[in-house]
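Asker: Hey, dropping upload-v5.cif in here, mmCIF, C-alpha atoms:
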data_structure
loop_
_atom_site.label_atom_id
_atom_site.label_comp_id
_atom_site.auth_asym_id
_atom_site.auth_seq_id
_atom_site.Cartn_x
_atom_site.Cartn_y
_atom_site.Cartn_z
CA MET A 1 133.62 -170.77 -5.05
CA LEU A 2 130.12 -169.32 -5.01
CA LEU A 3 129.07 -167.07 -7.91
CA VAL A 4 126.10 -164.74 -7.41
CA HIS A 5 124.49 -163.09 -10.41
CA THR A 6 123.35 -159.48 -10.57
CA VAL A 7 119.81 -158.14 -10.13
CA ASN A 8 117.81 -156.53 -12.94
CA ALA A 9 114.67 -157.20 -14.97
CA ALA A 10 116.08 -160.33 -16.61
CA ALA A 11 118.65 -161.59 -14.13
CA SER A 12 119.71 -165.22 -13.68
CA ALA A 13 122.73 -167.42 -13.12
CA ALA A 14 123.24 -167.30 -16.90
CA GLU A 15 124.98 -163.97 -16.29
CA VAL A 16 127.93 -165.72 -14.63
CA ARG A 17 128.28 -168.52 -17.20
CA PRO A 18 131.80 -167.51 -18.38
CA LEU A 19 132.98 -167.38 -14.76
CA PHE A 20 131.56 -170.81 -14.04
CA GLU A 21 133.02 -172.41 -17.15
CA GLU A 22 136.51 -171.06 -16.54
CA LEU A 23 136.79 -171.35 -12.77
CA GLN A 24 135.47 -174.92 -12.58
CA GLN A 25 138.65 -176.09 -14.32
CA HIS A 26 140.60 -175.56 -11.10
CA HIS A 27 137.98 -175.07 -8.39
CA THR A 28 134.71 -176.51 -7.13
CA VAL A 29 132.23 -173.88 -8.24
CA TYR A 30 128.61 -173.29 -7.32
CA THR A 31 126.02 -170.82 -8.51
CA PHE A 32 122.27 -170.46 -8.12
CA ASP A 33 119.36 -168.23 -9.07
CA LEU A 34 118.42 -165.65 -6.47
CA PRO A 35 114.80 -165.77 -5.22
CA GLY A 36 112.40 -164.47 -7.85
CA TYR A 37 114.78 -165.18 -10.72
CA GLY A 38 115.75 -167.99 -13.08
CA LEU A 39 114.87 -171.45 -11.83
CA SER A 40 114.24 -170.34 -8.23
CA GLU A 41 110.75 -170.03 -6.82
CA ARG A 42 109.06 -166.85 -8.00
CA GLN A 43 106.62 -165.85 -5.32
CA ALA A 44 104.25 -162.92 -5.74
CA VAL A 45 105.83 -160.99 -2.85
CA ARG A 46 107.89 -157.87 -2.22
CA TYR A 47 111.50 -158.97 -2.38
CA THR A 48 113.85 -157.44 0.18
CA ILE A 49 117.53 -157.14 0.97
CA ARG A 50 117.01 -159.64 3.80
CA ILE A 51 115.44 -162.23 1.50
CA MET A 52 118.35 -161.99 -0.93
CA THR A 53 121.01 -161.96 1.78
CA ASP A 54 119.55 -164.91 3.65
CA SER A 55 119.29 -166.92 0.44
CA ILE A 56 123.03 -166.51 -0.11
CA LYS A 57 123.74 -167.45 3.50
CA SER A 58 121.66 -170.60 3.11
CA VAL A 59 123.57 -171.64 0.01
CA VAL A 60 126.95 -170.98 1.65
CA GLN A 61 125.95 -173.01 4.69
CA TRP A 62 124.86 -175.86 2.41
CA ILE A 63 128.23 -175.71 0.61
CA GLN A 64 130.01 -175.77 3.96
CA SER A 65 128.11 -178.92 4.88
CA LYS A 66 129.34 -180.55 1.67
CA HIS A 67 132.95 -179.39 2.10
CA PRO A 68 133.75 -179.24 5.85
CA GLY A 69 136.77 -177.13 6.64
CA GLU A 70 137.15 -175.78 3.09
CA ARG A 71 137.44 -172.02 2.51
CA ILE A 72 134.75 -170.48 0.31
CA TRP A 73 135.47 -167.65 -2.09
CA GLY A 74 132.47 -165.44 -2.85
CA PHE A 75 131.84 -163.66 -6.16
CA GLY A 76 129.25 -160.91 -6.49
CA THR A 77 128.24 -159.02 -9.61
CA SER A 78 126.78 -155.51 -9.59
CA LEU A 79 123.95 -155.26 -7.03
CA SER A 80 124.54 -158.75 -5.63
CA CYS A 81 127.90 -157.45 -4.37
CA GLU A 82 125.91 -155.62 -1.70
CA PHE A 83 124.21 -158.86 -0.58
CA VAL A 84 127.50 -160.77 -0.54
CA ALA A 85 129.19 -158.01 1.45
CA ARG A 86 126.34 -158.02 3.97
CA CYS A 87 126.72 -161.78 4.40
CA ALA A 88 130.45 -161.39 5.03
CA VAL A 89 129.92 -158.66 7.63
CA GLU A 90 127.08 -160.42 9.44
CA ASP A 91 128.89 -163.77 9.51
CA PRO A 92 132.67 -163.43 8.98
CA HIS A 93 133.05 -167.21 8.84
CA LEU A 94 131.09 -167.59 5.59
CA PHE A 95 133.76 -166.44 3.12
CA SER A 96 137.55 -166.38 3.03
CA ALA A 97 137.73 -163.78 0.24
CA LEU A 98 135.45 -161.78 -2.05
CA THR A 99 135.61 -160.74 -5.68
CA LEU A 100 133.18 -157.93 -6.48
CA VAL A 101 132.56 -157.33 -10.19
CA SER A 102 131.26 -153.83 -11.00
CA PRO A 103 129.89 -153.42 -7.45
CA THR A 104 127.08 -150.96 -6.80
CA GLY A 105 127.40 -148.29 -4.13
CA PHE A 106 130.35 -146.45 -5.64
CA ARG A 107 128.57 -144.30 -8.21
CA GLY A 108 129.15 -140.63 -7.56
CA LEU A 109 130.26 -139.29 -4.20
CA LYS A 110 127.06 -139.55 -2.17
CA SER A 111 127.42 -141.25 1.20
CA TYR A 112 125.20 -144.23 2.08
CA ARG A 113 125.50 -144.76 5.82
CA GLY A 114 121.90 -145.24 6.85
CA GLU A 115 120.45 -147.39 9.59
CA PRO A 116 121.70 -151.00 9.60
CA GLY A 117 119.69 -153.07 7.13
CA SER A 118 117.93 -150.04 5.64
CA SER A 119 117.22 -149.72 1.92
CA ARG A 120 116.81 -146.91 -0.58
CA TYR A 121 113.21 -147.97 -1.15
CA VAL A 122 110.97 -145.38 -2.84
CA SER A 123 107.47 -146.06 -1.53
CA TRP A 124 105.55 -143.81 -3.93
CA LEU A 125 107.28 -145.39 -6.90
CA ASP A 126 106.53 -148.85 -5.59
CA ALA A 127 102.86 -147.90 -5.23
CA ILE A 128 102.76 -146.85 -8.88
CA LEU A 129 104.63 -149.93 -10.08
CA ARG A 130 102.28 -152.25 -8.24
CA GLY A 131 99.09 -150.48 -9.23
CA PRO A 132 96.33 -152.70 -10.67
CA GLY A 133 97.72 -154.32 -13.79
CA TRP A 134 100.44 -151.72 -14.16
CA GLY A 135 103.39 -153.73 -12.81
CA GLY A 136 102.85 -156.65 -15.15
CA PHE A 137 102.32 -154.33 -18.11
CA LEU A 138 105.49 -152.35 -17.36
CA PHE A 139 107.52 -155.52 -16.93
CA ARG A 140 106.32 -156.89 -20.25
CA GLN A 141 107.36 -153.65 -21.96
CA LEU A 142 110.78 -153.71 -20.32
CA THR A 143 111.39 -157.32 -21.30
CA ARG A 144 110.46 -157.25 -24.96
CA PRO A 145 113.33 -158.83 -26.93
CA LYS A 146 114.41 -155.52 -28.49
CA VAL A 147 114.33 -153.78 -25.11
CA ILE A 148 116.38 -156.52 -23.44
CA ARG A 149 118.93 -156.17 -26.22
CA TYR A 150 118.97 -152.39 -25.70
CA PHE A 151 119.74 -152.73 -22.00
CA LEU A 152 122.40 -155.37 -22.61
CA GLU A 153 124.07 -153.05 -25.10
CA ARG A 154 124.07 -150.33 -22.44
CA THR A 155 125.59 -152.80 -19.98
CA TRP A 156 128.29 -153.78 -22.46
CA GLY A 157 128.82 -150.26 -23.76
CA SER A 158 128.65 -151.67 -27.28
CA LYS A 159 126.45 -153.74 -29.57
CA ASN A 160 128.72 -156.78 -29.21
CA ILE A 161 126.63 -158.43 -26.50
CA ASP A 162 126.57 -162.13 -25.69
CA GLU A 163 123.81 -163.56 -27.87
CA VAL A 164 123.34 -166.69 -25.74
CA LEU A 165 122.68 -164.54 -22.68
CA TRP A 166 120.21 -162.42 -24.64
CA GLN A 167 118.28 -165.52 -25.73
CA TYR A 168 118.14 -166.84 -22.18
CA ASP A 169 117.04 -163.46 -20.84
CA VAL A 170 114.11 -163.48 -23.26
CA LEU A 171 113.09 -166.97 -22.09
CA THR A 172 113.47 -166.39 -18.36
CA THR A 173 111.39 -163.20 -18.38
CA ARG A 174 108.45 -165.13 -19.86
CA GLN A 175 107.98 -167.30 -16.76
CA PRO A 176 105.01 -166.91 -14.36
CA ASN A 177 105.50 -164.24 -11.65
CA ALA A 178 108.72 -163.07 -13.31
CA GLU A 179 107.88 -159.43 -12.62
CA TYR A 180 107.88 -159.42 -8.80
CA ALA A 181 111.62 -159.39 -8.04
CA PRO A 182 112.30 -156.84 -10.81
CA LEU A 183 109.57 -154.55 -9.39
CA SER A 184 111.38 -154.59 -6.05
CA PHE A 185 114.57 -153.76 -7.91
CA LEU A 186 112.94 -150.85 -9.74
CA SER A 187 111.58 -149.36 -6.51
CA ALA A 188 115.14 -149.47 -5.05
CA ALA A 189 114.03 -151.82 -2.27
CA LEU A 190 117.07 -154.02 -2.97
CA PHE A 191 119.66 -151.23 -2.76
CA SER A 192 121.30 -150.84 0.66
CA ALA A 193 121.16 -147.41 2.30
CA ASP A 194 123.98 -148.55 4.62
CA ILE A 195 126.26 -150.01 1.95
CA HIS A 196 129.25 -147.76 2.70
CA THR A 197 129.19 -148.83 6.33
CA LEU A 198 129.15 -152.45 5.19
CA TYR A 199 132.04 -152.01 2.78
CA ASP A 200 134.03 -150.30 5.55
CA GLN A 201 133.42 -153.25 7.87
CA LEU A 202 134.75 -155.91 5.51
CA GLN A 203 137.88 -157.46 7.02
CA LEU A 204 138.61 -160.22 4.52
CA PRO A 205 140.54 -159.78 1.24
CA VAL A 206 138.42 -158.03 -1.41
CA LEU A 207 139.18 -157.75 -5.12
CA VAL A 208 137.12 -155.28 -7.16
CA ILE A 209 137.12 -155.59 -10.95
CA HIS A 210 135.16 -153.09 -12.99
CA GLY A 211 134.96 -151.83 -16.55
CA THR A 212 135.11 -148.44 -18.23
CA LYS A 213 132.22 -148.55 -20.70
CA GLY A 214 128.43 -148.48 -20.77
CA ASP A 215 126.02 -147.30 -18.10
CA PHE A 216 128.01 -148.71 -15.18
CA LYS A 217 131.39 -147.00 -15.40
CA ASP A 218 131.10 -144.36 -12.67
CA PHE A 219 133.20 -145.53 -9.72
CA ARG A 220 134.16 -142.17 -8.27
CA GLY A 221 133.17 -143.39 -4.83
CA MET A 222 135.83 -146.09 -4.90
CA GLY A 223 138.16 -143.68 -3.15
CA MET A 224 136.61 -144.65 0.17
CA VAL A 225 138.17 -148.13 -0.01
CA ALA A 226 141.08 -147.59 -2.43
CA ASN A 227 143.63 -147.20 0.38
CA LYS A 228 142.39 -150.04 2.54
CA ALA A 229 145.01 -152.79 2.88
CA ASN A 230 142.51 -155.60 2.28
CA TRP A 231 141.02 -154.07 -0.90
CA SER A 232 142.50 -154.35 -4.40
CA ILE A 233 141.04 -152.67 -7.49
CA GLN A 234 141.54 -153.69 -11.11
CA VAL A 235 140.11 -151.73 -14.05
CA ILE A 236 139.59 -153.42 -17.42
CA ASP A 237 138.52 -151.65 -20.60
CA GLY A 238 135.07 -153.14 -21.13
CA GLY A 239 131.49 -153.13 -19.89
CA ALA A 240 130.01 -154.08 -16.52
CA MET A 241 130.21 -157.85 -17.10
CA VAL A 242 133.71 -157.54 -18.48
CA TYR A 243 134.46 -161.25 -18.14
CA PHE A 244 132.27 -161.83 -21.21
CA GLU A 245 134.38 -159.43 -23.29
CA LYS A 246 137.89 -159.64 -21.90
CA PRO A 247 138.16 -163.08 -20.29
CA LYS A 248 141.95 -163.29 -20.44
CA GLU A 249 142.46 -159.92 -18.77
CA PHE A 250 139.80 -160.75 -16.21
CA PHE A 251 141.21 -164.11 -15.20
CA ASP A 252 144.78 -162.82 -15.30
CA ALA A 253 143.69 -160.25 -12.72
CA ILE A 254 142.17 -163.03 -10.61
CA ASP A 255 145.33 -165.16 -10.86
CA SER A 256 147.62 -162.25 -10.00
CA TRP A 257 145.55 -161.37 -6.95
CA THR A 258 145.37 -164.95 -5.64
CA LEU A 259 149.13 -165.30 -6.07
CA LYS A 260 149.67 -162.20 -3.95
CA LEU A 261 147.33 -163.57 -1.28
CA ALA A 262 149.17 -166.89 -1.27
CA GLN A 263 152.52 -165.11 -0.85
CA LYS A 264 151.15 -163.15 2.12
CA ASP A 265 149.97 -166.37 3.76
CA GLN A 266 153.42 -167.96 3.53
#
Take the structure I supplied and represent it as structure tokens, if you would.

Answerer:
Amino acid sequence: MLLVHTVNAAASAAEVRPLFEELQQHHTVYTFDLPGYGLSERQAVRYTIRIMTDSIKSVVQWIQSKHPGERIWGFGTSLSCEFVARCAVEDPHLFSALTLVSPTGFRGLKSYRGEPGSSRYVSWLDAILRGPGWGGFLFRQLTRPKVIRYFLERTWGSKNIDEVLWQYDVLTTRQPNAEYAPLSFLSAALFSADIHTLYDQLQLPVLVIHGTKGDFKDFRGMGMVANKANWSIQVIDGGAMVYFEKPKEFFDAIDSWTLKLAQKDQ
């Protein structure tokens, strides 16, 4: 299994810790920090959808070299679901199945069927964000400990956030060049303008799990895939990273889905 964390101002593989700890009991599990985050190299560049997608492809290919012939199950969370989906469409041999946790692209009813590989990049906003000294200043304001806690509470939909994750978020945002990937995120350069086309093109089994609380509970657009035979949708009463809050319900949903897949394969 490959777990890919979300993208935000303080993102890192720490966001998928509960998934890693549980799933490694019965599977070989890998995770990594996306470029510009966590322990990965943080270059002072504009991060793009292609950079993020290709980084996932590289990791999957490395895993394949370590486990020849083994099927790889991909997990995406929030915005990284778009990168994982792009990988699966561009190279159908990378993954055997996908689990998308609170995937982006389903908020509201707007259609995103732009040119292949296009983003929702807002150039004028990016120019402001990267103005002399402004980007670093803004990032420091957004990553003050109290502000990080505020955004985690909005992600959870409650004040009962994971304190270990909060502590790690504070540490990881203090590293050199930590602002560059988040600035690309804020300018929407990492959001796919063709994401609905990508989701439509997925042929492998896809399980979506999303919550009902916090800032990331609008999944009205899910109707576009709800009737597809290869898509399954599970809703759990919790925030966007619901596996922190409702681990039993989350992993029960995983187990039920995998059992159904196994029965179909028989």

Asker: Starting from the PyMOL selection byres ((chain A and resi 108) around 12), expand the selection into actual residues of this file and give them as a list of chain:residue names.

Answerer: A:Thr104, A:Gly105, A:Phe106, A:Arg107, A:Leu109, A:Lys110, A:Ser111, A:Tyr112, A:Phe216, A:Lys217, A:Asp218, A:Phe219, A:Arg220, A:Gly221, A:Met222, A:Gly223, A:Met224

Asker: Those residues you just picked out, can you put them in a file as a PDB file, in the coordinates of the input with C-alpha atoms?

Answerer:
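Output file part.pdb follows:
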ATOM      1  CA  THR A 104     127.080-150.960  -6.800  1.00  0.00           C
ATOM      2  CA  GLY A 105     127.400-148.290  -4.130  1.00  0.00           C
ATOM      3  CA  PHE A 106     130.350-146.450  -5.640  1.00  0.00           C
ATOM      4  CA  ARG A 107     128.570-144.300  -8.210  1.00  0.00           C
ATOM      5  CA  LEU A 109     130.260-139.290  -4.200  1.00  0.00           C
ATOM      6  CA  LYS A 110     127.060-139.550  -2.170  1.00  0.00           C
ATOM      7  CA  SER A 111     127.420-141.250   1.200  1.00  0.00           C
ATOM      8  CA  TYR A 112     125.200-144.230   2.080  1.00  0.00           C
ATOM      9  CA  PHE A 216     128.010-148.710 -15.180  1.00  0.00           C
ATOM     10  CA  LYS A 217     131.390-147.000 -15.400  1.00  0.00           C
ATOM     11  CA  ASP A 218     131.100-144.360 -12.670  1.00  0.00           C
ATOM     12  CA  PHE A 219     133.200-145.530  -9.720  1.00  0.00           C
ATOM     13  CA  ARG A 220     134.160-142.170  -8.270  1.00  0.00           C
ATOM     14  CA  GLY A 221     133.170-143.390  -4.830  1.00  0.00           C
ATOM     15  CA  MET A 222     135.830-146.090  -4.900  1.00  0.00           C
ATOM     16  CA  GLY A 223     138.160-143.680  -3.150  1.00  0.00           C
ATOM     17  CA  MET A 224     136.610-144.650   0.170  1.00  0.00           C
TER      18      MET A 224
END

Asker: Select all residues near (129.8, -163.1, 10.8) (cut-off 12 Å, inclusive, file coordinates), counting only C-alpha atoms, and output them as a PyMOL selection string.

Answerer: chain A and resi 57+84-96+201-204

Asker: Any idea what's packed within 12 Å of A:Glu21, counting only C-alpha atoms, ignoring anything in its chain fewer than 4 positions away? Could you give it as a list in words?

Answerer: Leu3, Ala14, Glu15, Val16, Arg17, Gln25, His26, His27, Thr28, Val29, Tyr30, Thr31, Tyr243, Phe244, Pro247 and Phe251 of chain A

Asker: List the spatial neighbours of stretch 78-80 of chain A as number ranges by chain - criterion: any atom at most 10 Å away, only C-alpha atoms, same-chain residues fewer than 4 positions off excluded.

Answerer: A: 3-8, 34, 49, 52-53, 56, 84-86, 100-105, 185, 190-192, 210, 216, 240-241

Asker: Under the PyMOL selection byres ((chain A and resi 47) around 6), which residues of this model are included? Write them out as a compact mmCIF listing (two decimals) with C-alpha atoms, in the coordinates of the input.

Answerer:
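Writing done, so here's expr_37.txt:
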# COMPACT_ATOMS: atom_id res chain seq x y z
CA ARG A 46 107.89 -157.87 -2.22
CA THR A 48 113.85 -157.44 0.18
CA ALA A 181 111.62 -159.39 -8.04
CA SER A 184 111.38 -154.59 -6.05

Asker: I want to know what sits within 9 Å of stretch 153-160 of chain A, based on only C-alpha atoms, with residues of the same chain fewer than 2 positions away left out; could you give that as a ChimeraX atom specification?

Answerer: /A:148-151,162-163,212-216,238-242,245

Asker: Enumerate, as a compact mmCIF listing (two decimals) with C-alpha atoms, in the frame of the given file, the residues matched when the PyMOL selection byres ((chain A and resi 232) around 10) is run on the file above.

Answerer:
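Final output, saved to selection-v4.txt:
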# COMPACT_ATOMS: atom_id res chain seq x y z
CA THR A 99 135.61 -160.74 -5.68
CA PRO A 205 140.54 -159.78 1.24
CA VAL A 206 138.42 -158.03 -1.41
CA LEU A 207 139.18 -157.75 -5.12
CA VAL A 208 137.12 -155.28 -7.16
CA ILE A 209 137.12 -155.59 -10.95
CA VAL A 225 138.17 -148.13 -0.01
CA ALA A 226 141.08 -147.59 -2.43
CA ASN A 227 143.63 -147.20 0.38
CA LYS A 228 142.39 -150.04 2.54
CA ALA A 229 145.01 -152.79 2.88
CA ASN A 230 142.51 -155.60 2.28
CA TRP A 231 141.02 -154.07 -0.90
CA ILE A 233 141.04 -152.67 -7.49
CA GLN A 234 141.54 -153.69 -11.11
CA TRP A 257 145.55 -161.37 -6.95
